[in-house]
Amino acid sequence: MSDKRYIFENYLNIARNFVSEKEYSKALKFYNKAYRFQQGKKDIELILDIALLYDKLGYKAEAEEKYRSAINIDKSDARAYYGLGVLYDEDGFLEEAIEYYKLAIELDDKYDRAYFFLANAYDELKDVNNAIKYYNEVLSLVPNDLWANANLGCIYEELGNYEKALVYMKKALEIEPTNFRILFNMGVLLKNLNREDEAKEFYFKSINENPEYPYSYLNLAVIYRENKDFKTAIEIISKGIENNPNTSFLYYNRCCFYTSINELQLAFKDLMKSIAINNDFLEYMKKDEELQKLRELQEYKDYINSKL
């Protein structure tokens with residue numbers, strides 16, 4: 001092996017070791033050292049590795065330049081088009097991302113990640129028919145894809161097709177039974193099916209898996225509030241606040257619960273806290289019918305007058 005080839009390979013090995021250790025900036029430094037060699041400028045694997053690292057480190061323009069460099073060397077490499085799709089997707093240019101994902105799929109019709117993110121882009125654009133179509137393409141290639149199953153479940157839930165949603169959500173839970181988001185989504189779905197006791201069970205499981213996910217506390221507390229069990233609703237949402245002390249909507253909803261049981265001083269305190277965290281609640285509270293009793297409180301009136 002020539003000295004240059006040895007040095008080139010050595011730089012590659014050092015870079016890959018840094019990648020395995022998640023030392024991405026150091027890895028990029030040695031990949032770029034390898035790229036300066038003549039063979040490096042024609043090495044597709046190296047160029048794609050550099051592009052991936054640029055993207056991971058937030059250097060979008062540099063990543064795009066490297067992906068396009070790879071395409072100039074080999075227009076049939078699906079990975080470069082997929083990489084460009086990811087870049088445009090991350091920046092919110094979904095239509096452009098879709099075109100690149102489709103180009104990747106044209107070159108490799110088994111490219112499951114390209115199908116997945118193509119489906120996800122359509123999902124974000126509210127094109128549910130194409131989202132469903134391409135998530136199903138993912139599942140034809142990878143039946144146990146966690147998020148293709150979960151996302152299909154969410155789409156069908158939003159469409160009101162709860163029974164079909166249940167099929168996909170159950171499959172997602174078979175794949176990963178302790179995923180807090182999927183446990184939460186199952187709770188939402190079961191509530192829509194009027195299976196409240198089961199919904200509560202899944203919200204409790206979601207909280208157990210991740211106490212710092214505030215929506216599980218909120219949805220669970222709302223079930224108890226709807227059944228006029230304000231004491232339990234307040235206990236649950238208070239636990240949520242304990243674990244998520246900077247989440248404004250938890251304070252706001254506890255304010256509503258306190259108002260319902262005429263604990264107006266406690267309600268006003270929570271209202272002020274919610275506004276301190278998120279000023280958007282200032283306008284919302286003025287129209288909220290749940291706070292009608294609270295508007296009789298002198299502190300509330302004084303606060304409103306101070307904002308006029």
# chains A, B, ... in the order shown; residues from 1 in each chain; ligands from 1
$ residues_around --residues "Tyr203 (chain A)" --least-positions-apart "3" --cutoff "7 Å" --atoms "only C-alpha atoms" --output "count of residues only"
9
$ residues_around --residues "region 64-66 of chain A" --least-positions-apart "6" --cutoff "8 Å" --atoms "only C-alpha atoms" --output "PyMOL selection string"
chain A and resi 47-48+50-51+84+87
$ write_last_selection --atoms "all heavy atoms" --output "PDB file, in the first residue's frame"
ATOM      1  N   ILE A  47     -18.099  10.704   0.727  1.00  0.00           N
ATOM      2  CA  ILE A  47     -18.842  11.940   0.487  1.00  0.00           C
ATOM      3  C   ILE A  47     -20.199  11.907   1.209  1.00  0.00           C
ATOM      4  O   ILE A  47     -20.615  12.893   1.824  1.00  0.00           O
ATOM      5  CB  ILE A  47     -19.018  12.160  -1.029  1.00  0.00           C
ATOM      6  CG1 ILE A  47     -17.655  12.450  -1.661  1.00  0.00           C
ATOM      7  CG2 ILE A  47     -19.985  13.314  -1.300  1.00  0.00           C
ATOM      8  CD1 ILE A  47     -17.650  12.409  -3.180  1.00  0.00           C
ATOM      9  N   LEU A  48     -20.860  10.756   1.155  1.00  0.00           N
ATOM     10  CA  LEU A  48     -22.143  10.639   1.855  1.00  0.00           C
ATOM     11  C   LEU A  48     -21.966  10.708   3.371  1.00  0.00           C
ATOM     12  O   LEU A  48     -22.793  11.300   4.073  1.00  0.00           O
ATOM     13  CB  LEU A  48     -22.834   9.336   1.460  1.00  0.00           C
ATOM     14  CG  LEU A  48     -23.343   9.264   0.018  1.00  0.00           C
ATOM     15  CD1 LEU A  48     -23.895   7.869  -0.273  1.00  0.00           C
ATOM     16  CD2 LEU A  48     -24.407  10.314  -0.249  1.00  0.00           C
ATOM     17  N   ILE A  50     -19.671  12.408   4.909  1.00  0.00           N
ATOM     18  CA  ILE A  50     -19.431  13.817   5.221  1.00  0.00           C
ATOM     19  C   ILE A  50     -20.750  14.596   5.188  1.00  0.00           C
ATOM     20  O   ILE A  50     -21.033  15.418   6.072  1.00  0.00           O
ATOM     21  CB  ILE A  50     -18.424  14.429   4.222  1.00  0.00           C
ATOM     22  CG1 ILE A  50     -17.030  13.823   4.443  1.00  0.00           C
ATOM     23  CG2 ILE A  50     -18.354  15.946   4.387  1.00  0.00           C
ATOM     24  CD1 ILE A  50     -16.006  14.232   3.393  1.00  0.00           C
ATOM     25  N   ALA A  51     -21.570  14.321   4.176  1.00  0.00           N
ATOM     26  CA  ALA A  51     -22.859  15.005   4.072  1.00  0.00           C
ATOM     27  C   ALA A  51     -23.723  14.739   5.298  1.00  0.00           C
ATOM     28  O   ALA A  51     -24.345  15.656   5.844  1.00  0.00           O
ATOM     29  CB  ALA A  51     -23.582  14.547   2.804  1.00  0.00           C
ATOM     30  N   LEU A  84     -30.912  14.586   0.240  1.00  0.00           N
ATOM     31  CA  LEU A  84     -31.431  15.909  -0.113  1.00  0.00           C
ATOM     32  C   LEU A  84     -32.876  16.055   0.349  1.00  0.00           C
ATOM     33  O   LEU A  84     -33.288  17.118   0.832  1.00  0.00           O
ATOM     34  CB  LEU A  84     -31.336  16.114  -1.622  1.00  0.00           C
ATOM     35  CG  LEU A  84     -29.936  16.382  -2.172  1.00  0.00           C
ATOM     36  CD1 LEU A  84     -29.946  16.337  -3.694  1.00  0.00           C
ATOM     37  CD2 LEU A  84     -29.394  17.718  -1.684  1.00  0.00           C
ATOM     38  N   LEU A  87     -32.868  16.909   3.992  1.00  0.00           N
ATOM     39  CA  LEU A  87     -32.479  18.303   4.222  1.00  0.00           C
ATOM     40  C   LEU A  87     -33.655  19.248   3.995  1.00  0.00           C
ATOM     41  O   LEU A  87     -33.935  20.133   4.812  1.00  0.00           O
ATOM     42  CB  LEU A  87     -31.327  18.692   3.299  1.00  0.00           C
ATOM     43  CG  LEU A  87     -29.945  18.126   3.604  1.00  0.00           C
ATOM     44  CD1 LEU A  87     -28.954  18.599   2.539  1.00  0.00           C
ATOM     45  CD2 LEU A  87     -29.460  18.549   4.983  1.00  0.00           C
TER      46      LEU A  87
END
$ closest_residue --among "A:Ile14, A:Ala172, A:Leu159, A:Ala267" --to "Asn129 (chain A)" --atoms "only C-alpha atoms"
A:Leu159
$ residues_around --residues "Glu289 (chain A)" --least-positions-apart "6" --cutoff "12 Å" --atoms "only C-alpha atoms" --output "list of chain:residue names"
A:Cys256, A:Thr259, A:Ser260, A:Arg295
$ write_last_selection --atoms "N, CA and C atoms" --output "short mmCIF file (atom, residue, chain, number, x, y, z; two decimals), in the first residue's frame"
data_model
loop_
_atom_site.label_atom_id
_atom_site.label_comp_id
_atom_site.auth_asym_id
_atom_site.auth_seq_id
_atom_site.Cartn_x
_atom_site.Cartn_y
_atom_site.Cartn_z
N CYS A 256 -59.10 26.06 35.93
CA CYS A 256 -60.49 25.78 35.55
C CYS A 256 -61.13 24.79 36.53
N THR A 259 -61.89 26.57 39.74
CA THR A 259 -63.05 27.44 39.55
C THR A 259 -64.35 26.66 39.66
N SER A 260 -64.34 25.44 39.13
CA SER A 260 -65.55 24.61 39.14
C SER A 260 -65.99 24.24 40.55
N ARG A 295 -64.35 35.48 37.39
CA ARG A 295 -64.43 36.88 37.01
C ARG A 295 -65.08 37.74 38.10
#
$ residues_around --residues "Phe93 (chain A)" --least-positions-apart "4" --cutoff "12 Å" --atoms "only C-alpha atoms" --output "PyMOL selection string"
chain A and resi 84-89+97-100+121-122+124-125
$ write_last_selection --atoms "C-alpha atoms" --output "short mmCIF file (atom, residue, chain, number, x, y, z; two decimals), in the first residue's frame"
data_model
loop_
_atom_site.label_atom_id
_atom_site.label_comp_id
_atom_site.auth_asym_id
_atom_site.auth_seq_id
_atom_site.Cartn_x
_atom_site.Cartn_y
_atom_site.Cartn_z
CA LEU A 84 -31.43 15.91 -0.11
CA GLY A 85 -35.03 15.00 0.71
CA VAL A 86 -34.19 14.90 4.40
CA LEU A 87 -32.48 18.30 4.22
CA TYR A 88 -35.46 19.96 2.56
CA ASP A 89 -37.85 18.13 4.89
CA ALA A 97 -38.56 16.95 -0.11
CA ILE A 98 -41.29 14.82 -1.66
CA GLU A 99 -39.69 15.10 -5.10
CA TYR A 100 -36.32 13.94 -3.79
CA ALA A 121 -44.29 14.64 4.43
CA TYR A 122 -47.71 13.94 2.93
CA GLU A 124 -47.78 16.96 7.42
CA LEU A 125 -49.36 18.40 4.27
#
$ closest_atom_pairs --of "region 116-156 of chain A" --to "region 176-179 of chain A" --cutoff "12 Å" --atoms "only C-alpha atoms" --output "tab-separated table"
residue	atom	partner	partner_atom	distance
A:Asn144	CA	A:Glu176	CA	9.8
A:Asp145	CA	A:Glu176	CA	10.1
A:Leu146	CA	A:Glu176	CA	7.3
A:Trp147	CA	A:Glu176	CA	10.1
A:Asn149	CA	A:Glu176	CA	11.1
A:Ala150	CA	A:Glu176	CA	10.4
$ write_last_selection --atoms "N, CA and C atoms" --output "mmCIF file, in the first residue's frame"
data_model
loop_
_atom_site.group_PDB
_atom_site.id
_atom_site.type_symbol
_atom_site.label_atom_id
_atom_site.label_comp_id
_atom_site.auth_asym_id
_atom_site.auth_seq_id
_atom_site.Cartn_x
_atom_site.Cartn_y
_atom_site.Cartn_z
ATOM 1 N N ASN A 144 -42.994 -4.655 10.879
ATOM 2 C CA ASN A 144 -42.875 -4.280 12.287
ATOM 3 C C ASN A 144 -42.303 -2.876 12.482
ATOM 4 N N ASP A 145 -42.461 -2.022 11.481
ATOM 5 C CA ASP A 145 -42.020 -0.638 11.646
ATOM 6 C C ASP A 145 -42.918 0.041 12.673
ATOM 7 N N LEU A 146 -42.324 0.447 13.773
ATOM 8 C CA LEU A 146 -43.080 1.004 14.895
ATOM 9 C C LEU A 146 -43.903 2.216 14.482
ATOM 10 N N TRP A 147 -43.233 3.215 13.876
ATOM 11 C CA TRP A 147 -43.911 4.490 13.660
ATOM 12 C C TRP A 147 -44.801 4.485 12.426
ATOM 13 N N ASN A 149 -46.793 1.961 11.789
ATOM 14 C CA ASN A 149 -48.020 1.468 12.410
ATOM 15 C C ASN A 149 -48.674 2.537 13.275
ATOM 16 N N ALA A 150 -47.888 3.184 14.123
ATOM 17 C CA ALA A 150 -48.443 4.192 15.040
ATOM 18 C C ALA A 150 -49.024 5.374 14.275
#
$ residues_around --residues "Phe116 (chain A)" --least-positions-apart "6" --cutoff "8 Å" --atoms "only C-alpha atoms" --output "PDB file with C-alpha atoms, in the first residue's frame"
ATOM      1  CA  TYR A 134     -46.867   5.283   1.461  1.00  0.00           C
ATOM      2  CA  TYR A 135     -47.057   4.176   5.100  1.00  0.00           C
ATOM      3  CA  VAL A 138     -43.321   0.901   4.397  1.00  0.00           C
ATOM      4  CA  ALA A 148     -45.502   3.474  10.373  1.00  0.00           C
TER       5      ALA A 148
END
$ select_by_dssp --residues "region 29-259 of chain A" --states "helix (DSSP H, G or I)" --output "ChimeraX atom specification"
/A:29-35,40-42,44-56,60-73,78-90,94-107,112-124,128-141,146-158,162-175,180-192,196-209,214-226,230-243,248-259
$ atom_distance --atom1 "CA of Asn13 (chain A)" --atom2 "CA of Tyr54 (chain A)"
18.2 Å
$ residues_around --residues "region 33-45 of chain A" --least-positions-apart "4" --cutoff "7 Å" --atoms "only C-alpha atoms" --output "mmCIF file with N, CA, C and O atoms, in the first residue's frame"
data_model
loop_
_atom_site.group_PDB
_atom_site.id
_atom_site.type_symbol
_atom_site.label_atom_id
_atom_site.label_comp_id
_atom_site.auth_asym_id
_atom_site.auth_seq_id
_atom_site.Cartn_x
_atom_site.Cartn_y
_atom_site.Cartn_z
ATOM 1 N N PHE A 8 -4.690 7.950 3.824
ATOM 2 C CA PHE A 8 -6.114 8.090 3.500
ATOM 3 C C PHE A 8 -6.953 7.125 4.336
ATOM 4 O O PHE A 8 -7.942 7.517 4.981
ATOM 5 N N TYR A 11 -7.035 8.116 8.054
ATOM 6 C CA TYR A 11 -7.969 9.196 8.341
ATOM 7 C C TYR A 11 -9.401 8.666 8.407
ATOM 8 O O TYR A 11 -10.194 9.053 9.286
ATOM 9 N N LEU A 12 -9.746 7.783 7.476
ATOM 10 C CA LEU A 12 -11.091 7.199 7.480
ATOM 11 C C LEU A 12 -11.359 6.433 8.769
ATOM 12 O O LEU A 12 -12.426 6.559 9.370
ATOM 13 N N LYS A 29 -13.690 16.450 10.967
ATOM 14 C CA LYS A 29 -12.342 16.956 10.703
ATOM 15 C C LYS A 29 -11.515 15.921 9.957
ATOM 16 O O LYS A 29 -10.832 16.234 8.962
ATOM 17 N N ASP A 49 -20.899 10.121 3.877
ATOM 18 C CA ASP A 49 -20.622 10.216 5.319
ATOM 19 C C ASP A 49 -20.395 11.660 5.745
ATOM 20 O O ASP A 49 -20.873 12.097 6.797
ATOM 21 N N ALA A 70 -22.072 13.955 -4.731
ATOM 22 C CA ALA A 70 -22.234 12.506 -4.886
ATOM 23 C C ALA A 70 -23.073 12.191 -6.122
ATOM 24 O O ALA A 70 -22.767 11.249 -6.872
ATOM 25 N N ILE A 73 -21.161 12.373 -9.310
ATOM 26 C CA ILE A 73 -20.301 11.209 -9.516
ATOM 27 C C ILE A 73 -21.122 10.001 -9.953
ATOM 28 O O ILE A 73 -20.731 9.248 -10.854
#
$ residues_around --residues "Gly240 (chain A)" --least-positions-apart "3" --cutoff "7 Å" --atoms "only C-alpha atoms" --output "PyMOL selection string"
chain A and resi 214+217+236-237+243-244
$ atom_distance --atom1 "CA of Asp197 (chain A)" --atom2 "CA of Gly160 (chain A)"
20.2 Å
$ closest_residue --among "A:Glu157, A:Glu137, A:Asp270, A:Glu196" --to "Val222 (chain A)" --atoms "only C-alpha atoms"
A:Glu196
